[in-house]
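Structure file final.txt (compact mmCIF, C-alpha atoms) is printed below.
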```
# COMPACT_ATOMS: atom_id res chain seq x y z
CA MET T 1332 233.36 216.26 59.97
CA PRO T 1333 230.69 218.28 61.84
CA PRO T 1334 229.93 217.15 65.39
CA ARG T 1335 227.01 214.79 65.85
CA ILE T 1336 223.93 216.23 67.50
CA ARG T 1337 222.05 214.29 70.17
CA LEU T 1338 218.35 213.72 69.71
CA ALA T 1339 216.22 216.00 71.84
CA PRO T 1340 214.16 214.15 74.48
CA PHE T 1341 210.96 214.47 72.42
CA ASP T 1342 212.72 213.06 69.32
CA GLN T 1343 214.07 210.19 71.39
CA LEU T 1344 210.61 209.49 72.82
CA MET T 1345 209.18 209.21 69.30
CA LEU T 1346 212.01 206.84 68.34
CA ASP T 1347 211.56 204.71 71.46
CA ASP T 1348 207.77 204.61 71.09
CA THR T 1349 208.02 202.83 67.74
CA ARG T 1350 207.11 199.17 67.89
CA ARG T 1351 205.81 196.40 65.65
CA GLY T 1352 202.33 197.17 64.40
CA TYR T 1353 202.48 200.78 65.67
CA PRO T 1354 204.96 202.73 63.52
CA MET T 1355 205.49 206.22 64.86
CA CYS T 1356 204.74 207.76 61.46
CA PHE T 1357 202.13 210.24 60.33
CA HIS T 1358 200.76 210.72 56.84
CA VAL T 1359 199.90 213.86 54.89
CA GLU T 1360 198.04 212.97 51.70
CA CYS T 1361 197.19 215.14 48.75
CA SER T 1362 195.16 214.29 45.66
CA GLY T 1363 195.22 216.19 42.42
CA SER T 1364 194.54 216.41 38.74
CA GLY T 1365 196.65 217.27 35.73
CA PRO T 1366 199.76 215.80 34.11
CA LEU T 1367 202.10 215.35 37.07
CA ASP T 1368 205.71 215.09 35.85
CA ARG T 1369 207.31 212.32 37.93
CA MET T 1370 210.93 213.26 37.30
CA ARG T 1371 210.20 216.89 38.05
CA PHE T 1372 208.45 215.89 41.29
CA VAL T 1373 211.37 213.69 42.40
CA ALA T 1374 213.79 216.55 41.71
CA ALA T 1375 211.55 218.92 43.70
CA VAL T 1376 211.48 216.53 46.68
CA ARG T 1377 215.27 216.28 46.72
CA ASN T 1378 216.00 219.93 46.07
CA ALA T 1379 213.52 221.15 48.70
CA ALA T 1380 215.04 218.75 51.25
CA GLN T 1381 218.43 220.43 50.91
CA ARG T 1382 217.44 223.14 53.37
CA HIS T 1383 215.95 220.66 55.88
CA PRO T 1384 218.90 218.60 57.21
CA ARG T 1385 216.69 216.40 59.42
CA LEU T 1386 214.86 215.11 56.34
CA ARG T 1387 218.16 213.83 54.90
CA SER T 1388 219.70 212.51 58.12
CA ARG T 1389 219.76 209.12 59.79
CA ILE T 1390 219.97 208.28 63.48
CA THR T 1391 222.74 206.26 65.06
CA ALA T 1392 223.55 205.07 68.55
CA GLY T 1393 225.86 207.29 70.58
CA PHE T 1394 227.69 206.99 73.88
CA PHE T 1395 225.29 209.44 75.56
CA GLY T 1396 222.23 208.43 73.52
CA PRO T 1397 221.04 208.41 69.89
CA THR T 1398 222.48 211.11 67.65
CA TRP T 1399 221.90 212.56 64.17
CA LEU T 1400 224.34 211.62 61.43
CA PRO T 1401 225.36 214.24 58.84
CA PRO T 1402 222.77 214.46 56.02
CA ASP T 1403 223.40 211.84 53.33
CA HIS T 1404 220.04 210.24 52.40
CA ASP T 1405 217.36 211.97 50.32
CA PRO T 1406 213.67 211.30 51.05
CA ALA T 1407 212.45 208.30 49.07
CA VAL T 1408 209.90 208.68 46.25
CA GLU T 1409 207.99 205.59 45.09
CA TRP T 1410 205.21 205.07 42.54
CA ILE T 1411 202.46 202.48 42.54
CA GLU T 1412 201.59 201.57 38.97
CA PRO T 1413 197.97 201.35 37.74
CA THR T 1414 198.26 197.55 37.74
CA GLY T 1415 198.70 197.67 41.52
CA PHE T 1416 201.01 195.43 43.53
CA ARG T 1417 202.95 192.49 42.23
CA PRO T 1418 204.14 189.60 44.38
CA GLY T 1419 207.17 190.68 46.34
CA THR T 1420 206.40 194.39 46.09
CA ALA T 1421 206.91 196.15 49.42
CA SER T 1422 203.83 197.72 50.99
CA PRO T 1423 203.85 201.52 50.77
CA TRP T 1424 202.53 201.58 54.36
CA ARG T 1425 205.52 199.75 55.81
CA PRO T 1426 207.25 201.44 58.76
CA ILE T 1427 210.15 203.83 58.27
CA ASP T 1428 213.37 203.17 60.18
CA PRO T 1429 215.30 206.48 60.41
CA ARG T 1430 218.36 204.55 61.55
CA VAL T 1431 218.61 203.03 58.07
CA THR T 1432 217.23 205.65 55.71
CA SER T 1433 215.67 209.10 55.57
CA GLY T 1434 212.67 209.39 57.87
CA VAL T 1435 210.55 210.74 54.99
CA ARG T 1436 208.93 208.79 52.18
CA PHE T 1437 206.59 209.81 49.33
CA VAL T 1438 204.34 207.27 47.63
CA GLY T 1439 202.36 208.18 44.53
CA PHE T 1440 199.23 206.36 43.31
CA HIS T 1441 197.38 206.61 40.02
CA ALA T 1442 193.70 207.42 40.56
CA GLY T 1443 192.49 207.59 36.96
CA ALA T 1444 193.28 209.57 33.83
CA CYS T 1445 195.49 212.51 34.89
CA ARG T 1446 194.43 212.00 38.51
CA TRP T 1447 196.80 211.01 41.29
CA ARG T 1448 197.31 210.78 45.03
CA ILE T 1449 200.58 211.28 46.86
CA VAL T 1450 201.18 210.40 50.51
CA MET T 1451 204.09 211.78 52.48
CA SER T 1452 204.92 209.55 55.46
CA VAL T 1453 207.21 211.01 58.12
CA HIS T 1454 208.72 209.38 61.18
CA HIS T 1455 207.85 211.54 64.17
CA ALA T 1456 211.42 211.46 65.49
CA VAL T 1457 212.33 213.58 62.45
CA CYS T 1458 209.80 216.42 62.68
CA ASP T 1459 206.26 217.33 63.64
CA GLY T 1460 203.23 217.74 61.39
CA LEU T 1461 203.54 221.50 60.94
CA ALA T 1462 207.15 221.15 59.77
CA ALA T 1463 206.11 218.37 57.39
CA VAL T 1464 203.41 220.60 55.90
CA GLU T 1465 205.91 223.43 55.43
CA TYR T 1466 208.20 220.99 53.62
CA TRP T 1467 205.24 220.00 51.41
CA GLY T 1468 204.96 223.69 50.56
CA ASP T 1469 208.65 223.79 49.66
CA VAL T 1470 208.20 220.76 47.40
CA TRP T 1471 205.33 222.33 45.46
CA THR T 1472 207.15 225.65 45.28
CA THR T 1473 210.23 223.96 43.86
CA TYR T 1474 208.09 221.90 41.46
CA HIS T 1475 206.53 225.13 40.20
CA GLY T 1476 209.84 227.01 40.04
CA GLY T 1477 208.79 229.62 42.61
CA ASP T 1478 210.72 231.34 45.40
CA LEU T 1479 211.00 229.53 48.73
CA THR T 1480 209.89 231.32 51.88
CA SER T 1481 212.82 232.57 53.95
CA PHE T 1482 213.42 231.15 57.40
CA SER T 1483 212.35 233.40 60.26
CA SER T 1484 212.28 233.21 64.05
CA GLY T 1485 208.79 234.71 64.09
CA ARG T 1486 207.42 237.26 66.51
CA ALA T 1487 206.52 237.18 70.18
CA ALA T 1488 202.96 236.02 70.76
CA PRO T 1489 200.69 238.09 73.01
CA ARG T 1490 199.92 236.15 76.17
CA PRO T 1491 196.21 236.01 76.95
CA ALA T 1492 194.85 236.28 80.45
CA ASP T 1493 195.78 233.33 82.63
CA GLU T 1494 192.44 231.59 82.55
CA ARG T 1495 192.95 228.65 84.86
CA PRO T 1496 190.20 226.12 84.21
CA GLU T 1497 189.41 223.76 87.00
CA SER T 1498 190.43 220.80 84.86
CA ALA T 1499 193.96 222.14 84.44
CA GLY T 1500 195.02 221.33 88.00
CA PRO T 1501 196.98 223.42 90.51
CA GLY T 1502 200.54 222.69 89.43
CA LEU T 1503 203.08 220.29 87.98
CA LEU T 1504 203.38 217.86 90.88
CA ALA T 1505 199.64 217.79 91.50
CA ALA T 1506 198.98 217.38 87.79
CA CYS T 1507 201.44 214.47 87.60
CA ARG T 1508 199.81 212.75 90.57
CA GLN T 1509 196.39 213.27 89.05
CA PHE T 1510 197.59 212.02 85.65
CA ALA T 1511 199.01 208.84 87.18
CA SER T 1512 196.09 208.09 89.48
CA LEU T 1513 193.25 208.81 87.04
CA LEU T 1514 194.23 207.00 83.87
CA PRO T 1515 191.58 207.14 81.17
CA THR T 1516 189.47 204.36 79.71
CA ALA T 1517 190.39 203.01 76.29
CA LEU T 1518 187.88 202.71 73.48
CA ALA T 1519 185.98 199.49 74.10
CA ALA T 1520 186.74 196.65 71.71
CA PRO T 1521 183.69 195.02 70.11
CA GLY T 1522 182.90 191.43 70.99
CA HIS T 1523 183.79 190.36 67.47
CA ALA T 1524 185.97 192.89 65.69
CA VAL T 1525 185.17 193.22 61.99
CA GLN T 1526 188.21 192.40 59.90
CA ALA T 1527 187.27 193.07 56.30
CA ALA T 1528 189.58 191.66 53.68
CA ARG T 1529 191.46 194.24 51.64
CA ALA T 1530 193.73 193.85 48.66
CA ALA T 1531 197.15 195.26 49.46
CA GLY T 1532 197.49 198.82 48.24
CA ASP T 1533 193.85 199.19 47.17
CA ASP T 1534 192.83 201.25 50.17
CA PHE T 1535 194.51 203.69 52.47
CA PRO T 1536 194.79 202.49 56.08
CA TYR T 1537 192.65 205.34 57.35
CA ALA T 1538 189.22 206.82 56.72
CA THR T 1539 188.37 210.43 55.89
CA LEU T 1540 185.39 212.65 56.68
CA GLN T 1541 185.07 215.61 54.31
CA LEU T 1542 183.02 218.69 55.23
CA ASP T 1543 182.11 220.91 52.30
CA ALA T 1544 182.41 224.71 52.37
CA GLU T 1545 178.85 225.25 53.64
CA ARG T 1546 179.17 222.77 56.51
CA THR T 1547 182.62 224.08 57.40
CA THR T 1548 181.25 227.62 57.59
CA GLN T 1549 178.42 226.42 59.83
CA LEU T 1550 180.89 224.68 62.14
CA ARG T 1551 183.18 227.71 62.25
CA SER T 1552 180.28 230.02 63.08
CA ALA T 1553 178.97 227.65 65.77
CA ALA T 1554 182.41 227.27 67.36
CA THR T 1555 182.87 231.05 67.44
CA ALA T 1556 179.40 231.57 68.93
CA LEU T 1557 180.22 229.04 71.67
CA GLY T 1558 183.49 230.80 72.54
CA GLY T 1559 185.94 228.52 70.77
CA THR T 1560 187.67 227.68 67.49
CA VAL T 1561 187.19 225.03 64.83
CA ASN T 1562 189.92 223.02 66.54
CA ASP T 1563 188.05 223.18 69.86
CA ALA T 1564 184.95 221.93 68.06
CA ILE T 1565 186.85 219.00 66.56
CA VAL T 1566 188.26 218.06 69.98
CA ALA T 1567 184.74 218.29 71.41
CA ALA T 1568 183.44 216.04 68.61
CA THR T 1569 186.24 213.56 69.39
CA PHE T 1570 185.19 213.44 73.04
CA GLY T 1571 181.55 213.06 72.02
CA ALA T 1572 182.30 210.22 69.62
CA ALA T 1573 184.46 208.44 72.22
CA ALA T 1574 181.66 208.82 74.77
CA GLU T 1575 179.10 207.40 72.34
CA TRP T 1576 181.43 204.52 71.47
CA ASN T 1577 181.96 203.52 75.11
CA SER T 1578 178.33 204.18 76.08
CA LEU T 1579 177.24 201.57 73.54
CA ALA T 1580 179.64 199.18 75.29
CA GLY T 1581 177.98 199.86 78.63
CA ALA T 1582 180.49 202.29 80.18
CA ALA T 1583 179.39 204.18 83.30
CA ARG T 1584 178.62 207.89 83.04
CA ASP T 1585 181.59 208.74 85.28
CA THR T 1586 184.07 206.89 83.04
CA ARG T 1587 187.10 209.09 82.38
CA LEU T 1588 188.08 209.87 78.78
CA ARG T 1589 191.27 211.62 77.70
CA VAL T 1590 192.19 213.31 74.41
CA LEU T 1591 195.85 213.98 73.70
CA MET T 1592 196.23 217.31 71.89
CA PRO T 1593 199.54 218.27 70.21
CA VAL T 1594 200.55 221.87 70.92
CA SER T 1595 202.96 223.88 68.78
CA LEU T 1596 205.74 225.73 70.57
CA ARG T 1597 206.53 227.97 67.58
CA GLN T 1598 206.36 231.72 67.68
CA PRO T 1599 203.71 233.16 65.31
CA GLY T 1600 205.17 233.50 61.83
CA ALA T 1601 208.21 231.34 62.60
CA ARG T 1602 209.71 229.33 59.75
CA CYS T 1603 212.75 227.13 60.27
CA PRO T 1604 214.29 223.85 59.05
CA ALA T 1605 212.10 220.83 59.82
CA SER T 1606 212.25 219.61 63.42
CA ASN T 1607 210.00 218.83 66.36
CA GLN T 1608 208.85 222.04 68.03
CA MET T 1609 205.83 220.78 69.90
CA SER T 1610 204.57 219.19 73.07
CA TYR T 1611 201.39 217.52 74.27
CA ALA T 1612 198.44 218.59 76.36
CA PHE T 1613 196.18 215.99 77.95
CA LEU T 1614 192.50 216.93 78.26
CA ASP T 1615 190.34 214.85 80.61
CA ARG T 1616 186.55 214.71 80.69
CA ARG T 1617 184.07 212.27 82.14
CA LEU T 1618 181.70 210.53 79.81
CA ASP T 1619 178.80 212.47 81.30
CA ASP T 1620 180.56 215.78 80.49
CA CYS T 1621 180.63 214.85 76.81
CA LEU T 1622 176.83 214.72 76.48
CA ARG T 1623 176.42 218.52 76.57
CA PRO T 1624 178.16 219.86 73.44
CA ALA T 1625 177.90 223.59 74.23
CA GLU T 1626 179.36 223.27 77.73
CA LEU T 1627 181.94 220.77 76.53
CA LEU T 1628 183.23 223.03 73.76
CA ALA T 1629 183.35 226.08 76.04
CA SER T 1630 185.35 224.19 78.67
CA LEU T 1631 187.78 222.82 76.08
CA ALA T 1632 188.26 226.30 74.60
CA ALA T 1633 189.10 227.65 78.06
CA ALA T 1634 191.55 224.80 78.67
CA SER T 1635 193.20 225.33 75.27
CA ARG T 1636 193.64 229.06 75.90
CA TRP T 1637 195.15 228.32 79.29
CA VAL T 1638 197.58 225.73 77.87
CA GLN T 1639 198.73 228.06 75.10
CA GLY T 1640 198.74 231.23 77.17
CA THR T 1641 200.75 229.84 80.09
CA GLY T 1642 203.08 227.48 78.24
CA ALA T 1643 201.79 224.59 80.34
CA ALA T 1644 202.51 222.07 77.58
CA VAL T 1645 206.24 222.54 78.21
CA ARG T 1646 205.76 220.55 81.42
CA PHE T 1647 205.51 217.40 79.32
CA LEU T 1648 208.91 218.16 77.79
CA ASP T 1649 210.33 218.79 81.27
CA THR T 1650 209.15 215.35 82.36
CA ILE T 1651 210.57 213.42 79.41
CA GLY T 1652 213.77 215.47 79.67
CA LEU T 1653 214.28 214.09 83.17
CA LEU T 1654 213.51 210.55 82.01
CA ALA T 1655 215.95 210.89 79.09
CA ARG T 1656 218.81 211.33 81.58
CA VAL T 1657 218.35 207.76 82.78
CA PRO T 1658 219.43 205.17 80.17
CA GLY T 1659 216.47 203.09 79.02
CA ALA T 1660 213.91 205.00 81.10
CA LEU T 1661 212.08 206.58 78.17
CA GLN T 1662 211.67 203.31 76.30
CA ALA T 1663 210.61 201.53 79.49
CA THR T 1664 207.92 204.18 80.02
CA THR T 1665 206.54 203.66 76.53
CA ARG T 1666 206.22 199.91 77.20
CA LEU T 1667 203.99 200.28 80.25
CA PRO T 1668 200.72 198.42 79.55
CA LEU T 1669 198.59 201.50 80.25
CA CYS T 1670 196.10 203.56 78.28
CA MET T 1671 197.67 207.03 78.31
CA ALA T 1672 194.94 208.59 76.14
CA THR T 1673 191.63 207.43 74.72
CA ALA T 1674 192.27 209.27 71.44
CA VAL T 1675 194.56 211.86 69.88
CA THR T 1676 193.31 214.83 67.87
CA SER T 1677 195.79 216.85 65.80
CA SER T 1678 194.85 219.94 63.78
CA LEU T 1679 197.07 221.37 61.05
CA GLY T 1680 194.75 224.35 60.60
CA ASN T 1681 194.53 226.12 57.24
CA ILE T 1682 197.10 224.17 55.25
CA THR T 1683 197.41 226.78 52.48
CA ARG T 1684 198.69 229.31 55.03
CA ARG T 1685 200.83 226.67 56.72
CA MET T 1686 202.55 225.62 53.49
CA ARG T 1687 203.29 229.15 52.30
CA ALA T 1688 203.90 227.70 48.84
CA GLY T 1689 205.01 230.11 46.13
CA VAL T 1690 202.54 228.79 43.56
CA PRO T 1691 199.37 230.13 41.89
CA ILE T 1692 196.07 229.56 43.68
CA ARG T 1693 192.94 228.90 41.63
CA ASP T 1694 189.52 228.58 43.24
CA GLY T 1695 191.27 228.28 46.60
CA ARG T 1696 193.46 225.36 45.43
CA LEU T 1697 197.20 225.19 44.81
CA ALA T 1698 198.06 225.04 41.10
CA PRO T 1699 201.81 224.33 40.78
CA GLY T 1700 203.37 223.66 37.41
CA GLY T 1701 200.26 222.81 35.41
CA VAL T 1702 198.56 220.56 37.99
CA THR T 1703 195.90 221.25 40.61
CA VAL T 1704 196.03 219.98 44.19
CA GLU T 1705 192.37 219.13 44.81
CA SER T 1706 192.42 218.02 48.45
CA PHE T 1707 194.50 217.22 51.52
CA ALA T 1708 194.08 214.77 54.38
CA CYS T 1709 196.25 213.73 57.32
CA VAL T 1710 196.45 211.34 60.24
CA PRO T 1711 198.92 211.36 63.17
CA PRO T 1712 200.51 208.12 64.42
CA ILE T 1713 198.79 205.85 66.90
CA ARG T 1714 200.23 203.94 69.84
CA PRO T 1715 198.99 200.92 71.83
CA GLY T 1716 196.09 201.79 74.10
CA THR T 1717 195.13 204.89 72.12
CA GLY T 1718 192.24 203.61 70.07
CA MET T 1719 191.88 206.44 67.55
CA ALA T 1720 194.09 209.14 66.01
CA LEU T 1721 192.40 212.02 64.20
CA GLY T 1722 193.97 214.66 61.97
CA ALA T 1723 192.20 217.77 60.65
CA ILE T 1724 193.10 219.99 57.69
CA ALA T 1725 191.29 223.07 56.35
CA TYR T 1726 191.75 223.52 52.61
CA ALA T 1727 189.86 225.25 49.79
CA ASP T 1728 187.06 226.37 52.19
CA GLY T 1729 186.42 222.77 53.27
CA LEU T 1730 187.57 220.64 56.19
CA SER T 1731 189.00 217.13 56.10
CA ILE T 1732 189.15 214.91 59.18
CA GLY T 1733 191.18 211.71 58.87
CA ALA T 1734 190.96 208.84 61.34
CA LEU T 1735 193.46 206.05 61.97
CA ALA T 1736 192.20 203.28 64.27
CA ASP T 1737 193.85 200.53 66.24
CA SER T 1738 192.17 198.18 63.80
CA GLY T 1739 193.82 195.07 65.21
CA ARG T 1740 191.88 195.59 68.45
CA LEU T 1741 188.83 197.55 67.27
CA GLY T 1742 188.24 196.07 63.80
CA SER T 1743 189.09 197.22 60.29
CA ASP T 1744 185.89 199.29 60.06
CA ALA T 1745 186.57 201.13 63.34
CA ALA T 1746 187.86 204.36 61.73
CA THR T 1747 184.80 204.62 59.49
CA ARG T 1748 182.41 203.95 62.38
CA PHE T 1749 184.16 206.48 64.60
CA LEU T 1750 184.02 209.18 61.91
CA ARG T 1751 180.28 208.61 61.50
CA SER T 1752 179.94 209.39 65.19
CA VAL T 1753 182.23 212.45 64.80
CA ALA T 1754 179.93 213.72 62.04
CA ARG T 1755 176.91 213.37 64.37
CA ARG T 1756 178.76 215.21 67.14
CA ILE T 1757 179.62 218.02 64.72
CA ASP T 1758 175.90 218.27 63.96
CA ASP T 1759 175.30 218.54 67.73
CA VAL T 1760 177.80 221.41 68.02
CA VAL T 1761 176.14 223.29 65.16
CA ALA T 1762 172.69 222.71 66.67
CA ALA T 1763 173.85 223.81 70.15
CA ALA T 1764 175.10 227.22 69.03
CA PRO T 1765 172.98 230.36 69.46
CA PRO T 1766 171.92 232.21 66.29
CA SER T 1767 175.10 232.66 64.29
CA SER T 1768 176.83 235.90 63.46
CA PRO T 1769 178.90 236.40 60.27
CA ALA T 1770 181.75 233.90 60.35
CA ASP T 1771 185.28 235.07 60.98
CA PRO T 1772 188.14 233.69 58.84
CA LEU T 1773 189.46 230.27 59.82
CA PRO T 1774 191.88 230.83 62.70
CA ALA T 1775 195.57 230.06 62.25
CA HIS T 1776 195.63 227.35 64.91
CA THR T 1777 198.75 226.90 67.01
CA LEU T 1778 198.07 223.20 67.31
CA GLU T 1779 199.81 220.58 65.23
```
Reformat the file's structure so that it appears as structure tokens.
Amino acid sequence: MPPRIRLAPFDQLMLDDTRRGYPMCFHVECSGSGPLDRMRFVAAVRNAAQRHPRLRSRITAGFFGPTWLPPDHDPAVEWIEPTGFRPGTASPWRPIDPRVTSGVRFVGFHAGACRWRIVMSVHHAVCDGLAAVEYWGDVWTTYHGGDLTSFSSGRAAPRPADERPESAGPGLLAACRQFASLLPTALAAPGHAVQAARAAGDDFPYATLQLDAERTTQLRSAATALGGTVNDAIVAATFGAAAEWNSLAGAARDTRLRVLMPVSLRQPGARCPASNQMSYAFLDRRLDDCLRPAELLASLAAASRWVQGTGAAVRFLDTIGLLARVPGALQATTRLPLCMATAVTSSLGNITRRMRAGVPIRDGRLAPGGVTVESFACVPPIRPGTGMALGAIAYADGLSIGALADSGRLGSDAATRFLRSVARRIDDVVAAAPPSSPADPLPAHTLE
């Protein structure tokens, strides 16, 4: 029997940070048209998972900490019939326990004649969003009967100049002291949170903002003109929406907001079995800083370049690595009643390039095995104190931004309300840019 492998500190953190009402799972949804063959799809899910051991493994307790068991459980595939749920049917949005089953689950929904939606839910202890998207590409490639992309270690990335923005701090110890002493403000809860009744399974637990090709091009051009990327613009819009949200609740202009930004640690072009190869960067701004979109985006772009160019995000892994040496310390840290971040914004970039699926592409859309994948959306997991989690995907010349809210505290309409504010902040970014030049292609972001 092969030796068991201990969970890396980041994997263990994701496992420990799971709690009732806050499953540490993220969702990648696709919708499509055409006669989807269920049996063929199930076979593709299982066959593609063969080269990703984490997706077929469970977690067990070990003497020195949790460990991975040898692969023995395929990802689950479930279908919701057109008649919807029946009494006793399990909710497709229930948490995933990777100690019992595979940490990956697919749920398919009928959306009309020859129209469907499929959601892949993944426990974050298993892998990060970029790895999940690459697995999605393997599934569609296998469904189509194409050739899977070979694994590769990638190539060394050129390191940009060490731009050291003021907000980055002077060093690890100083940054830790600053992080601990200047905790951010959470999104304010309304006096009476709206809790709209929903029939189980009728709606997805998150909202989606879709930008068409024209608006996406405008945003890309504006971000480039202001010295950043589309991802920088989305982070700026997140800050702006959080500032508007708390301003309406009467927050002071010097209130501190913080956006948690996942950062990929992969080499450019790398492709490997699914795992977590990421860390986090924490970006702080005061509410007053978020009222000037051009300056805000430029400062965030500088901070992002510094984080990626210097490898500063690895400091977070260093910290949790130290905590993981003390039994129970990581889980105790996750249970502190503190707001670690106001919101999280995760970008998967251009998902067609990320997936590297060996399937035909028609009108910019994947067309595997006689079906067409019309759209994608995603949301990362959310934890207590972080009011909103946003996920962005570029696909078929458009841009999708999904939002998952802490609806128990903020109300069931919170995600929709927040995305309306994000849309206004995107308009502000476009309006703040100088006359645009021809747009460059969407960048291959290094962020999850």
Give one line per residue of range 1727-1766 of chain T that approaches range 1360-1375 of chain T to at most 12 Å, naming the two atoms of the closest pair and their distance in Å to one decimal, counting all atoms listed in the file; sort by chain then ascending residue number and deliver it as CSV.
```
residue,atom,partner,partner_atom,distance
T:Ser1731,CA,T:Glu1360,CA,10.9
T:Ile1732,CA,T:Glu1360,CA,11.8
T:Gly1733,CA,T:Glu1360,CA,10.0
```
For the selection just defined, write its residues with C-alpha atoms to a file, as a CSV table (one decimal), keeping the file's coordinate frame.
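Everything below was put into selection_23.csv:
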```csv
chain,number,residue,atom,x,y,z
T,1731,SER,CA,189.0,217.1,56.1
T,1732,ILE,CA,189.2,214.9,59.2
T,1733,GLY,CA,191.2,211.7,58.9
```
Any chance you could tabulate, as JSON lines, the residues of range 1510-1613 of chain T at most 8 Å from range 1441-1460 of chain T with each one's nearest atom pair and distance in Å to one decimal, using all atoms listed in the file, in chain and rising number order?
```
{"residue": "T:Ala1605", "atom": "CA", "partner": "T:Cys1458", "partner_atom": "CA", "distance": 5.7}
{"residue": "T:Ser1606", "atom": "CA", "partner": "T:Cys1458", "partner_atom": "CA", "distance": 4.1}
{"residue": "T:Asn1607", "atom": "CA", "partner": "T:Cys1458", "partner_atom": "CA", "distance": 4.4}
{"residue": "T:Gln1608", "atom": "CA", "partner": "T:Asp1459", "partner_atom": "CA", "distance": 6.9}
{"residue": "T:Met1609", "atom": "CA", "partner": "T:Asp1459", "partner_atom": "CA", "distance": 7.2}
```
Excluding Arg1387 in chain T and any residue of its chain fewer than 2 positions from it, enumerate the residues within 12 Å of it, using only C-alpha atoms, and give them as a tab-separated table (two decimals) with C-alpha atoms, in the coordinates of the input.
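New file selection18.tsv:
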```
chain	number	residue	atom	x	y	z
T	1376	VAL	CA	211.48	216.53	46.68
T	1377	ARG	CA	215.27	216.28	46.72
T	1378	ASN	CA	216.00	219.93	46.07
T	1379	ALA	CA	213.52	221.15	48.70
T	1380	ALA	CA	215.04	218.75	51.25
T	1381	GLN	CA	218.43	220.43	50.91
T	1382	ARG	CA	217.44	223.14	53.37
T	1383	HIS	CA	215.95	220.66	55.88
T	1384	PRO	CA	218.90	218.60	57.21
T	1385	ARG	CA	216.69	216.40	59.42
T	1389	ARG	CA	219.76	209.12	59.79
T	1390	ILE	CA	219.97	208.28	63.48
T	1399	TRP	CA	221.90	212.56	64.17
T	1400	LEU	CA	224.34	211.62	61.43
T	1401	PRO	CA	225.36	214.24	58.84
T	1402	PRO	CA	222.77	214.46	56.02
T	1403	ASP	CA	223.40	211.84	53.33
T	1404	HIS	CA	220.04	210.24	52.40
T	1405	ASP	CA	217.36	211.97	50.32
T	1406	PRO	CA	213.67	211.30	51.05
T	1407	ALA	CA	212.45	208.30	49.07
T	1429	PRO	CA	215.30	206.48	60.41
T	1430	ARG	CA	218.36	204.55	61.55
T	1431	VAL	CA	218.61	203.03	58.07
T	1432	THR	CA	217.23	205.65	55.71
T	1433	SER	CA	215.67	209.10	55.57
T	1434	GLY	CA	212.67	209.39	57.87
T	1435	VAL	CA	210.55	210.74	54.99
T	1436	ARG	CA	208.93	208.79	52.18
T	1453	VAL	CA	207.21	211.01	58.12
T	1457	VAL	CA	212.33	213.58	62.45
T	1458	CYS	CA	209.80	216.42	62.68
T	1604	PRO	CA	214.29	223.85	59.05
T	1605	ALA	CA	212.10	220.83	59.82
T	1606	SER	CA	212.25	219.61	63.42
```
**Item:** Of the listed residues T:Tyr1474, T:Tyr1611, T:Phe1707, T:Trp1467, that which approaches Gln1639 in chain T most closely, counting only C-alpha atoms
**Value:**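 Counting only C-alpha atoms, the residue closest to Gln1639 in chain T is T:Tyr1611.
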**Request:** Counting only C-alpha atoms, select every polymer residue within 10 Å of (225.7, 211.5, 74.6) as defined in the file's coordinates, and provide the selection as a list in words.
**Result:**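 I get Arg1335, Ile1336, Arg1337, Leu1338, Ala1392, Gly1393, Phe1394, Phe1395, Gly1396, Pro1397, Thr1398 and Arg1656 of chain T for the residues within 10 Å of that point.
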**Request:** Would you mind telling me which residue in T:His1475, T:Arg1351, T:Arg1584, T:His1358 lies nearest to Gly1701 in chain T when using only C-alpha atoms?
**Result:**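 The closest residue to Gly1701 in chain T is T:His1475.
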